[in-house]
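Notes to accompany the following structure.
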Amino acid sequence: MKIVILIVSFILESVMSNFFPVNSFFASLFSLTALIVIYPLFDGDNFKYFRYAFLLGFAYDLIYTDTIIFQAFLFLIIAYLVTILRKMLSDNLLNLVIVTLICIASYRTINYFALVITGNLDFNLLTWIASIYNSVILNVIYCLIIGWVVNRIMRKKRRYRF
Amino acid sequence: MYGKKRQFDRRYLFILAVVIVALVLVVLSVALKKDRNLNFFERIAKDTGMIVLKVAYSPFNFIKNQINEMREKDNLYEKYEKLKEKEEQMDSLQAENENLQNEINKLQGSLDLNSILSDKVLLNATVVNRNVGYWYDEVTIDKGSNDGVEKNMAVITSKGLIGSISKVSSNSSTIKLLSNENMSNKISVKIRVSDDQYVFGLISGYSSKNNTYTVEGISENVDIAKGADVVTTGMGDMFPSGIQVGKVTKVTTDNFDLSKVVEVEASVDFDDIDYVTVLKRESE
């Protein structure tokens with residue numbers, strides 16, 4: 001199920017980009033959002049979770065950004081952040097949205113500063129902030145949808161166990 | 001003795017930290033290099049991914065096209081009237097076109113121009129995804145080296161220039177849009193000042209806020225009217241001459257009052273690019 005959610009999100013991210021204007025308020029980051037939300041499905045197996053994060057980032061590198069393992073490491077960092085935040089916060093939808101927002105902001109920030117340091121972009125505070133708030137609406141909605149799906153799966157899992 | 005060891009440890013740690021930071025920077029600059037060619041493995045992965053994405057997008061694209069068609073049907077009669085008018089002018093335009101083509105051929109020979117629009121073969125392509133990486137201002141199309149696409153070929157829409165091919169794999173290519181605020185290639189353009197007179201300048205930047213380019217390097221003593229057409233000059237190998245870039249919206253002077261700075265509204269809406277045309281070289 002984890003793989004299905006990640007693959008669907010990965011494809012949907014590309015499909016959605018065709019429906020909204022470039023750099024609008026609806027920048028999709030569905031792959032990353034799905035990675036954040038499916039964490040409970042790994043039942044605390046962090047090593048397996050990091051492996052999925054790395055592979056997803058690697059696919060992102062190859063198909064979307066044409067970079068070399070940069071996104072793979074970035075997804076790995078975000079996955080580590082998710083494991084820390086999920087330990088600190090209790091498991092409910094509000095906290096899930098908060099974790100998603102923190103992770104999206106971190107992802108955009110690390111990505112942006114890496115591009116600035118390597119001379120690919122000029123630093124512009126507004127561009128950096130815009131990149132974060134442009135990614136909020138669509139991804140929070142997606143996070144809630146996937147969160148609901150994951151909750152149902154977890155409930156079924158628990159029922160099956162007892 | 002203990003103090004010396006601690007000092008050594010600190011120095012060792014500092015050197016290690018510097019080496020790690022340097023290594024990270026080197027790796028980052030290689031990993032994020034944008035003008036590199038895709039290797040064999042990347043090409044295969046990208047092609048496979050693009051096939052999947054194209055198949056996944058096709059039902060959505062079908063629905064989108066149906067909605068657009070329904071919208072267009074509302075204005076069908078108006079369009080028919082306009083087309084009828086155009087058809088009446090067609091014969092005279094064709095004769096004029098032939099005449100102009102002959103003149104172009106003669107002038108091209110005498111001026112040694114190596115890149116003009118009529119030299120190009122048009123290749124239509126569909127956009128598969130738009131700017132997924134967010135920072136790169138790139139779109140991916142469904143045509144690649146198998147269709148004769150090469151790096152640095154110019155890409156246009158029906159409204160004008162949108163960018164150039166930055167990466168090519170067998171069945172897909174990436175277009176770097178002119179809306180990229182860090183355009184590494186300064187593009188040479190000419191602005192029409194009278195019927196047969198142009199001034200030359202360089203596009204030096206783009207503002208996504210107003211969808212405008214900034215054109216610099218224009219002499220102070222030239223009068224440029226608002227609404228004047230801006231087209232490519234054909235200088236350099238990348239963009240052929242005569243491609244529409246936009247229209248002048250504002251003319252100012254630079255900080256030293258030495259040259260004019262012209263704001264040009266882009267003829268293309270970068271937010272809405274579904275179909276594009278790649279300008280292939282005729283030899284292909």
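By order in the structure tokens, chains are A, B, ...; within a chain, residues start at 1; ligands start at 1, following the order shown.
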DSSP-assigned alpha helix (DSSP H) members of chain A, reported as a PyMOL selection string: chain A and resi 2-17+30-37+46-60+70-88+93-117+125-133+136-161
Can I get the selected residues back with C-alpha atoms, as an mmCIF file, in the first residue's frame?
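Okay, this is what ended up in out-v1.cif:
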data_model
loop_
_atom_site.group_PDB
_atom_site.id
_atom_site.type_symbol
_atom_site.label_atom_id
_atom_site.label_comp_id
_atom_site.auth_asym_id
_atom_site.auth_seq_id
_atom_site.Cartn_x
_atom_site.Cartn_y
_atom_site.Cartn_z
ATOM 1 C CA LYS A 2 2.893 2.339 0.841
ATOM 2 C CA ILE A 3 4.356 1.859 -2.621
ATOM 3 C CA VAL A 4 0.977 2.412 -4.302
ATOM 4 C CA ILE A 5 0.450 5.699 -2.400
ATOM 5 C CA LEU A 6 3.959 6.902 -3.284
ATOM 6 C CA ILE A 7 3.684 5.978 -6.990
ATOM 7 C CA VAL A 8 0.223 7.546 -7.348
ATOM 8 C CA SER A 9 1.425 10.714 -5.591
ATOM 9 C CA PHE A 10 4.546 10.858 -7.754
ATOM 10 C CA ILE A 11 2.492 10.643 -10.967
ATOM 11 C CA LEU A 12 -0.217 12.967 -9.669
ATOM 12 C CA GLU A 13 2.381 15.644 -8.907
ATOM 13 C CA SER A 14 3.265 15.825 -12.599
ATOM 14 C CA VAL A 15 -0.362 15.646 -13.761
ATOM 15 C CA MET A 16 -1.436 18.440 -11.409
ATOM 16 C CA SER A 17 1.360 20.728 -12.621
ATOM 17 C CA PHE A 30 2.620 15.421 -3.556
ATOM 18 C CA SER A 31 5.544 12.978 -3.435
ATOM 19 C CA LEU A 32 7.020 14.644 -0.364
ATOM 20 C CA THR A 33 3.598 15.079 1.272
ATOM 21 C CA ALA A 34 2.826 11.382 0.754
ATOM 22 C CA LEU A 35 6.198 10.438 2.229
ATOM 23 C CA ILE A 36 5.422 12.479 5.344
ATOM 24 C CA VAL A 37 1.923 11.074 5.784
ATOM 25 C CA ASN A 46 12.913 3.822 10.399
ATOM 26 C CA PHE A 47 15.586 2.173 8.283
ATOM 27 C CA LYS A 48 12.974 0.940 5.804
ATOM 28 C CA TYR A 49 11.361 4.425 5.822
ATOM 29 C CA PHE A 50 14.688 6.105 5.003
ATOM 30 C CA ARG A 51 15.251 3.608 2.199
ATOM 31 C CA TYR A 52 11.873 4.510 0.656
ATOM 32 C CA ALA A 53 12.639 8.221 1.061
ATOM 33 C CA PHE A 54 15.984 7.876 -0.675
ATOM 34 C CA LEU A 55 14.513 5.903 -3.590
ATOM 35 C CA LEU A 56 11.634 8.344 -3.997
ATOM 36 C CA GLY A 57 14.072 11.267 -4.026
ATOM 37 C CA PHE A 58 16.247 9.450 -6.509
ATOM 38 C CA ALA A 59 13.263 8.975 -8.850
ATOM 39 C CA TYR A 60 12.514 12.692 -8.395
ATOM 40 C CA PHE A 70 20.473 15.839 -4.643
ATOM 41 C CA GLN A 71 16.748 15.250 -4.156
ATOM 42 C CA ALA A 72 17.493 11.750 -2.829
ATOM 43 C CA PHE A 73 19.510 13.219 0.058
ATOM 44 C CA LEU A 74 17.013 16.021 0.532
ATOM 45 C CA PHE A 75 14.151 13.524 0.863
ATOM 46 C CA LEU A 76 16.316 11.558 3.299
ATOM 47 C CA ILE A 77 16.830 14.660 5.461
ATOM 48 C CA ILE A 78 13.089 15.360 5.424
ATOM 49 C CA ALA A 79 12.379 11.723 6.330
ATOM 50 C CA TYR A 80 14.712 12.076 9.338
ATOM 51 C CA LEU A 81 12.888 15.275 10.308
ATOM 52 C CA VAL A 82 9.562 13.419 10.060
ATOM 53 C CA THR A 83 10.770 10.678 12.421
ATOM 54 C CA ILE A 84 11.809 13.292 15.012
ATOM 55 C CA LEU A 85 8.628 15.385 14.722
ATOM 56 C CA ARG A 86 6.337 12.363 14.768
ATOM 57 C CA LYS A 87 7.981 11.210 18.017
ATOM 58 C CA MET A 88 7.476 14.641 19.592
ATOM 59 C CA LEU A 93 -4.773 15.277 11.889
ATOM 60 C CA LEU A 94 -3.840 18.731 13.217
ATOM 61 C CA ASN A 95 -0.354 17.570 14.165
ATOM 62 C CA LEU A 96 -0.035 15.844 10.799
ATOM 63 C CA VAL A 97 -0.750 19.159 9.057
ATOM 64 C CA ILE A 98 1.810 20.925 11.301
ATOM 65 C CA VAL A 99 4.476 18.296 10.508
ATOM 66 C CA THR A 100 3.671 18.604 6.793
ATOM 67 C CA LEU A 101 4.015 22.393 6.896
ATOM 68 C CA ILE A 102 7.344 22.251 8.774
ATOM 69 C CA CYS A 103 8.686 19.645 6.338
ATOM 70 C CA ILE A 104 7.569 21.577 3.243
ATOM 71 C CA ALA A 105 9.152 24.774 4.599
ATOM 72 C CA SER A 106 12.384 22.887 5.391
ATOM 73 C CA TYR A 107 12.437 21.207 1.983
ATOM 74 C CA ARG A 108 11.961 24.471 0.115
ATOM 75 C CA THR A 109 14.502 26.272 2.288
ATOM 76 C CA ILE A 110 17.285 23.680 1.937
ATOM 77 C CA ASN A 111 16.590 23.368 -1.791
ATOM 78 C CA TYR A 112 16.629 27.139 -2.292
ATOM 79 C CA PHE A 113 19.808 27.776 -0.311
ATOM 80 C CA ALA A 114 21.623 24.909 -2.063
ATOM 81 C CA LEU A 115 20.735 26.534 -5.397
ATOM 82 C CA VAL A 116 21.829 29.957 -4.122
ATOM 83 C CA ILE A 117 25.154 28.668 -2.734
ATOM 84 C CA LEU A 125 13.909 36.853 0.257
ATOM 85 C CA LEU A 126 10.479 37.231 -1.362
ATOM 86 C CA THR A 127 11.102 34.396 -3.830
ATOM 87 C CA TRP A 128 12.127 32.130 -0.968
ATOM 88 C CA ILE A 129 9.084 32.968 1.157
ATOM 89 C CA ALA A 130 6.767 32.752 -1.875
ATOM 90 C CA SER A 131 8.051 29.258 -2.611
ATOM 91 C CA ILE A 132 6.894 28.168 0.857
ATOM 92 C CA TYR A 133 3.441 29.745 0.928
ATOM 93 C CA VAL A 136 0.761 25.254 1.353
ATOM 94 C CA ILE A 137 -2.822 25.060 0.021
ATOM 95 C CA LEU A 138 -2.668 22.148 -2.395
ATOM 96 C CA ASN A 139 -0.348 20.036 -0.271
ATOM 97 C CA VAL A 140 -2.309 20.490 2.947
ATOM 98 C CA ILE A 141 -5.452 19.363 1.113
ATOM 99 C CA TYR A 142 -3.561 16.383 -0.268
ATOM 100 C CA CYS A 143 -2.094 15.657 3.177
ATOM 101 C CA LEU A 144 -5.621 15.510 4.651
ATOM 102 C CA ILE A 145 -6.823 13.151 1.909
ATOM 103 C CA ILE A 146 -3.852 10.795 2.233
ATOM 104 C CA GLY A 147 -3.992 11.148 6.038
ATOM 105 C CA TRP A 148 -7.583 9.899 5.975
ATOM 106 C CA VAL A 149 -6.576 6.942 3.753
ATOM 107 C CA VAL A 150 -3.640 6.065 6.034
ATOM 108 C CA ASN A 151 -5.890 6.281 9.134
ATOM 109 C CA ARG A 152 -8.302 3.797 7.588
ATOM 110 C CA ILE A 153 -5.475 1.420 6.728
ATOM 111 C CA MET A 154 -4.063 1.691 10.262
ATOM 112 C CA ARG A 155 -7.496 1.010 11.776
ATOM 113 C CA LYS A 156 -7.889 -2.102 9.607
ATOM 114 C CA LYS A 157 -4.393 -3.225 10.595
ATOM 115 C CA ARG A 158 -5.187 -2.853 14.311
ATOM 116 C CA ARG A 159 -8.469 -4.752 13.947
ATOM 117 C CA TYR A 160 -6.635 -7.531 12.144
ATOM 118 C CA ARG A 161 -4.048 -7.778 14.936
#
Contact table chain B vs chain A, cut-off 9 Å, shortest pair per residue, only C-alpha atoms, as a tab-separated table:
residue	atom	partner	partner_atom	distance
B:Leu25	CA	A:Thr118	CA	7.3
B:Val26	CA	A:Thr118	CA	8.8
B:Val27	CA	A:Phe70	CA	8.9
B:Leu28	CA	A:Thr118	CA	6.8
B:Ser29	CA	A:Thr118	CA	5.3
B:Val30	CA	A:Ile68	CA	7.7
B:Ala31	CA	A:Ile68	CA	4.5
B:Leu32	CA	A:Thr67	CA	5.5
B:Lys33	CA	A:Thr67	CA	7.3
B:Lys34	CA	A:Thr67	CA	7.7
B:Leu38	CA	A:Asp66	CA	7.7
B:Glu42	CA	A:Leu62	CA	6.0
B:Arg43	CA	A:Leu62	CA	8.5
B:Ala45	CA	A:Leu62	CA	6.5
B:Lys46	CA	A:Ile63	CA	5.0
B:Asp47	CA	A:Ile63	CA	8.3
B:Thr48	CA	A:Ile63	CA	8.9
B:Gly49	CA	A:Ile63	CA	6.2
B:Met50	CA	A:Ile63	CA	7.5
B:Val52	CA	A:Ile11	CA	8.1
B:Leu53	CA	A:Ile11	CA	6.2
B:Lys54	CA	A:Val15	CA	8.8
B:Ala56	CA	A:Ile11	CA	7.3
B:Tyr57	CA	A:Val15	CA	5.7
B:Phe60	CA	A:Val15	CA	7.9
B:Asn61	CA	A:Asn18	CA	8.9
B:Lys64	CA	A:Phe19	CA	8.8
B:Val127	CA	A:Asn18	CA	8.1
B:Val128	CA	A:Asn18	CA	7.5
B:Asn129	CA	A:Ser14	CA	5.4
B:Arg130	CA	A:Ser17	CA	5.4
B:Asn131	CA	A:Val22	CA	6.5
B:Val132	CA	A:Tyr64	CA	6.3
B:Gly133	CA	A:Thr65	CA	5.4
B:Tyr134	CA	A:Asn23	CA	7.0
B:Trp135	CA	A:Tyr112	CA	7.7
B:Tyr136	CA	A:Thr65	CA	8.0
B:Asp137	CA	A:Val22	CA	7.9
B:Thr140	CA	A:Tyr64	CA	8.6
B:Lys167	CA	A:Asp66	CA	8.6
B:Glu181	CA	A:Leu121	CA	8.2
B:Asn182	CA	A:Leu121	CA	6.3
B:Ser208	CA	A:Asn23	CA	8.9
B:Phe270	CA	A:Val22	CA	7.1
B:Asp271	CA	A:Pro21	CA	4.2
B:Asp272	CA	A:Pro21	CA	6.1
B:Ile273	CA	A:Asn18	CA	8.5
B:Asp274	CA	A:Asn18	CA	7.7
Shell of 6 Å around Thr126 (chain B), only C-alpha atoms, local chain residues under 5 positions omitted, as a ChimeraX atom specification: /B:141-142,275
Pairwise distance for CA of Asn124 (chain A) and CA of Ser207 (chain B), rounded to one decimal in Å: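 So the two atoms, CA of Asn124 (chain A) and CA of Ser207 (chain B), lie 12.6 Å apart.
Neighbours of Gly217 (chain B) closer than or equal to 9 Å, with only C-alpha atoms counted and sequence neighbours fewer than 5 positions away skipped, come out as B:Phe200, B:Gly201, B:Leu202, B:Ile203, B:Ser259, B:Lys260, B:Val261.
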With C-alpha atoms retained, could you export that selection as a PDB file, in the first residue's frame?
ATOM      1  CA  PHE B 200      19.126  46.424 -31.007  1.00  0.00           C
ATOM      2  CA  GLY B 201      19.297  45.443 -27.343  1.00  0.00           C
ATOM      3  CA  LEU B 202      19.761  42.522 -24.967  1.00  0.00           C
ATOM      4  CA  ILE B 203      17.202  40.887 -22.689  1.00  0.00           C
ATOM      5  CA  SER B 259      21.363  54.228 -22.263  1.00  0.00           C
ATOM      6  CA  LYS B 260      17.704  53.305 -22.373  1.00  0.00           C
ATOM      7  CA  VAL B 261      16.127  50.509 -20.384  1.00  0.00           C
TER       8      VAL B 261
END
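Picture a line from CA of Leu258 (chain B) to CA of Ile218 (chain B); it runs 9.0 Å.
Take CA of Lys280 (chain B) and CA of Lys120 (chain B): the distance between them is 5.4 Å.
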